[in-house]
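For reference, the structure discussed in these notes is given below.
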Amino acid sequence: MSVIVIGGGIVGVTAAYTLAKKGRDVILIDKAHEGKASSAGAGIVCPWNHRIQSNDWYEIARLGAKYYPALISELEADGEKVDGYKKTGALYVSIHTEKLNEIEGTLKTRRKNAPEIGDILILNPAQARGFFPPLEKSLGAVYVSGAMRVEGKSLVDTIRRASVKSGVEIINGEARLVYEENQVIGVTVNGERKFADSVLIAAGAWAPSLLVPLGIKLQVEPERGQIVHLKMMGHDTSNWPVILPESSYYMLAFDDSRVVVGATREVGSGFDYRTTVAGISEVIAEGLSIAPRLRTGSLEEVRIGFRPTGPDALPVIGPIDSVKGLILATGLGSSGLTMGPYVGMLAAKIIQEEPVDLDLTPYNPQRAILV
């Protein structure tokens, strides 16, 4: 079996890696767009008390978190050093005791079917600052030991290297589908035709443009996110946990005295790749309201990513009814690094017609196609 994967983000590289490990002939085509969500993102893998109230979202996100250790082990067995990934735990923070009790109850209930959640502890403000020293003094927390953090660009580069070792051919360029008699039979890239039994579109927010020549309008749009990287010189941040406040903002730390604060959610942004004064001011203000002592840090970098957002909170995974030979895997929104590797693995299984451990009906692409 031969497969062409369009898109070199977390979904695409994982799908290519999975397929190649199964002995498939795989070509990965990547345009390297500015604002690729996986490259900009600093990922939090802690879906167990997410604000999205959807059982279908929770199930795929839970399985996404569960899949991470197996993927990391496989990469390490292939001789790859996985930088930027670590199980650090997370703090759900709030000034309200009743809110913390509610979170604790939800997590303990869900732990019955998700033991990877790990230990669950309620912390008073002083104890919380012991885990994350810059925290605002009034914030208590629920600690969850199973949470992970991952740097998207580093992980994508690692899986990409492992894919090449497994035989994946990588082409840098812009793909266009080759479509004959209601079937996609390959792509044109850099002026050359490449043929395959199946084509997977894992191009994130750029996926809809690939389908326009087929007369298909996919409801996936870019949502701009601006994310701030701060340097906390003199501080060992390597074991600081992820911080999850009641708002949509978050923090996570890496081994190089770096703290990441994010992120804006700019609907209707298009592919406007700019750092804006309003966006960065918003992120920094929200960050300092949660952890005031971060004000002593220096502004190291701002990253911009375009999240692929679909018509609802669920990803778009599977074939299109009217087109043979084509699979979609996009629309992960702000959950790309939580569930992206798992979605890539699912896409590989769908292509190979292998059984999966999830009912894919809620994620069917047909719901995201305008007719």
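Convention: chains lettered A, B, ... in structure tokens order; per-chain residue numbering from 1; ligands numbered from 1 as shown.
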If you take only C-alpha atoms and a cut-off of 6 Å, which residues of stretch 157-258 of chain A touch stretch 66-90 of chain A, and what are their nearest atom pairs and distances in Å to one decimal, in chain and number order, as CSV?
```
residue,atom,partner,partner_atom,distance
A:Asn239,CA,A:Thr88,CA,5.8
A:Pro241,CA,A:Ala90,CA,4.8
A:Val242,CA,A:Ala90,CA,4.3
A:Ile243,CA,A:Ala90,CA,5.8
```
Restricting it to C-alpha atoms, dump the selection as an mmCIF file, in the first residue's frame.
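Printed below is selection_27.cif as written:
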```
data_model
loop_
_atom_site.group_PDB
_atom_site.id
_atom_site.type_symbol
_atom_site.label_atom_id
_atom_site.label_comp_id
_atom_site.auth_asym_id
_atom_site.auth_seq_id
_atom_site.Cartn_x
_atom_site.Cartn_y
_atom_site.Cartn_z
ATOM 1 C CA ASN A 239 9.782 20.560 37.334
ATOM 2 C CA PRO A 241 3.785 21.946 36.803
ATOM 3 C CA VAL A 242 1.306 23.129 34.210
ATOM 4 C CA ILE A 243 -0.996 25.880 35.499
#
```
_With only C-alpha atoms as the counted atoms, please give the residues lying no more than 8 Å from stretch 244-261 of chain A, apart from itself and same-chain residues fewer than 2 positions off, as a ChimeraX atom specification._
/A:42,44,84,90-94,149,227-242,263-264,283-284,286-287,290
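Of the residues under consideration (A:Leu200, A:Ile350, A:Ile369, A:Val277), A:Ile369 shows the shortest atom-to-atom contact distance to A:Val212 when counting only C-alpha atoms.
Shortest separation to A:Val3 among A:Glu169, A:Glu151, A:Asp197, A:Asp30 occurs at residue A:Asp197, atoms counted being only C-alpha atoms.
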*asked:* Can you tell me which residues surround A:Leu211 at a distance of at most 12 Å, considering only C-alpha atoms, apart from same-chain residues fewer than 2 positions away, and format the answer as number ranges by chain?
replied: A: 175-179, 184, 200-201, 203, 206-209, 213-220, 320, 323, 326-328, 369-370
Please produce a file of the residues just selected, as a short mmCIF file (atom, residue, chain, number, x, y, z; two decimals), in the first residue's frame, where the atoms kept are N, CA and C atoms.
```
data_model
loop_
_atom_site.label_atom_id
_atom_site.label_comp_id
_atom_site.auth_asym_id
_atom_site.auth_seq_id
_atom_site.Cartn_x
_atom_site.Cartn_y
_atom_site.Cartn_z
N ALA A 175 1.18 20.76 -2.23
CA ALA A 175 0.51 19.67 -2.95
C ALA A 175 -0.83 20.13 -3.51
N ARG A 176 -1.18 19.57 -4.65
CA ARG A 176 -2.52 19.74 -5.22
C ARG A 176 -3.04 18.35 -5.56
N LEU A 177 -4.29 18.10 -5.23
CA LEU A 177 -4.86 16.76 -5.43
C LEU A 177 -5.03 16.45 -6.91
N VAL A 178 -4.74 15.21 -7.27
CA VAL A 178 -5.04 14.69 -8.60
C VAL A 178 -6.33 13.88 -8.47
N TYR A 179 -7.37 14.31 -9.18
CA TYR A 179 -8.73 13.82 -8.96
C TYR A 179 -9.31 13.35 -10.29
N VAL A 184 -9.46 10.39 -5.63
CA VAL A 184 -8.14 11.02 -5.54
C VAL A 184 -7.10 9.93 -5.75
N LEU A 200 -3.93 11.28 2.60
CA LEU A 200 -4.40 11.82 3.87
C LEU A 200 -4.14 13.32 3.90
N ILE A 201 -5.20 14.10 4.12
CA ILE A 201 -5.05 15.54 4.30
C ILE A 201 -4.99 15.82 5.80
N ALA A 203 -3.51 18.85 6.96
CA ALA A 203 -2.89 20.15 6.73
C ALA A 203 -3.44 21.24 7.64
N TRP A 206 -5.07 24.79 6.74
CA TRP A 206 -4.94 24.92 5.29
C TRP A 206 -5.67 23.79 4.55
N ALA A 207 -6.28 22.87 5.27
CA ALA A 207 -6.95 21.74 4.63
C ALA A 207 -8.05 22.17 3.65
N PRO A 208 -8.91 23.15 3.99
CA PRO A 208 -10.00 23.49 3.08
C PRO A 208 -9.54 23.89 1.68
N SER A 209 -8.41 24.59 1.56
CA SER A 209 -7.95 25.05 0.24
C SER A 209 -7.63 23.89 -0.68
N PRO A 213 -10.75 22.73 -5.31
CA PRO A 213 -10.84 22.27 -6.71
C PRO A 213 -11.79 21.09 -6.90
N LEU A 214 -12.12 20.39 -5.82
CA LEU A 214 -13.05 19.26 -5.90
C LEU A 214 -14.48 19.72 -5.69
N GLY A 215 -14.68 21.01 -5.48
CA GLY A 215 -16.02 21.54 -5.23
C GLY A 215 -16.52 21.26 -3.83
N ILE A 216 -15.59 21.02 -2.90
CA ILE A 216 -15.96 20.69 -1.51
C ILE A 216 -15.58 21.85 -0.61
N LYS A 217 -16.54 22.34 0.16
CA LYS A 217 -16.28 23.42 1.10
C LYS A 217 -16.25 22.85 2.52
N LEU A 218 -15.06 22.78 3.07
CA LEU A 218 -14.86 22.25 4.41
C LEU A 218 -14.89 23.39 5.43
N GLN A 219 -15.74 23.23 6.44
CA GLN A 219 -15.88 24.27 7.47
C GLN A 219 -14.78 24.15 8.53
N VAL A 220 -13.59 24.47 8.14
CA VAL A 220 -12.45 24.56 9.06
C VAL A 220 -11.77 25.89 8.79
N ILE A 320 -14.38 11.07 3.06
CA ILE A 320 -15.51 11.85 2.56
C ILE A 320 -16.36 10.94 1.69
N VAL A 323 -15.91 11.02 -2.27
CA VAL A 323 -14.57 10.94 -2.87
C VAL A 323 -13.86 9.69 -2.38
N LEU A 326 -9.50 9.28 -0.26
CA LEU A 326 -9.14 10.49 0.47
C LEU A 326 -9.60 10.39 1.92
N ILE A 327 -8.71 10.72 2.85
CA ILE A 327 -9.00 10.73 4.28
C ILE A 327 -8.66 12.11 4.82
N LEU A 328 -9.48 12.61 5.76
CA LEU A 328 -9.22 13.89 6.42
C LEU A 328 -8.87 13.66 7.89
N ILE A 369 -18.94 19.58 6.12
CA ILE A 369 -18.93 19.90 4.69
C ILE A 369 -20.23 20.61 4.33
N LEU A 370 -20.11 21.76 3.71
CA LEU A 370 -21.27 22.51 3.22
C LEU A 370 -21.68 21.97 1.87
#
```
*asked:* For A:Arg274, find every residue with an atom within 10 Å (counting only C-alpha atoms), except residues of its own chain fewer than 6 positions away, and show them as a PyMOL selection string.
replied: chain A and resi 35+224+226+303-305
_Need the shell around A:Arg307: protein/DNA/RNA residues with any atom at most 10 Å away, counting only C-alpha atoms. Skip same-chain ones fewer than 3 positions apart. Format as a list in words?_
Gly35, Lys36, Ala37, Ser38, Ala40, Gly41, Gly204, Ala205, Trp206, Val220, Glu221, Pro222, Glu223, Arg224, Gly225, Arg265, Glu266, Val267, Ile304, Gly310, Thr330, Gly331, Leu332, Gly333, Ser334, Ser335 and Gly336 of chain A
*Just the strand (DSSP E or B) stuff from stretch 78-297 of chain A, please, per backbone DSSP, written as number ranges by chain.*
A: 85-87, 90-94, 120-123, 140-144, 148-151, 169-172, 175-180, 183-189, 192-195, 198-201, 217-218, 221-231, 242-244, 250-254, 258-262, 266-267
Using 9 Å as the limit and counting only C-alpha atoms, can you tabulate each residue of stretch 267-336 of chain A that touches stretch 46-57 of chain A, with its shortest atom-to-atom distance in Å and the two atoms involved, as JSON lines?
```
{"residue": "A:Ala313", "atom": "CA", "partner": "A:Trp57", "partner_atom": "CA", "distance": 6.9}
{"residue": "A:Leu314", "atom": "CA", "partner": "A:Trp57", "partner_atom": "CA", "distance": 5.8}
{"residue": "A:Pro315", "atom": "CA", "partner": "A:Trp57", "partner_atom": "CA", "distance": 8.3}
{"residue": "A:Ser335", "atom": "CA", "partner": "A:Pro47", "partner_atom": "CA", "distance": 8.9}
```
Could the residues in this selection be saved with C-alpha atoms as a CSV table (one decimal), in the first residue's frame?
```csv
chain,number,residue,atom,x,y,z
A,313,ALA,CA,-15.3,21.3,19.3
A,314,LEU,CA,-14.6,17.9,17.7
A,315,PRO,CA,-11.9,17.0,15.2
A,335,SER,CA,-6.4,20.6,21.4
```
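Across A:Lys165, A:Thr276, A:Asp357, A:Gly7, the tightest approach to A:His33 is made by A:Gly7 when counting only C-alpha atoms.
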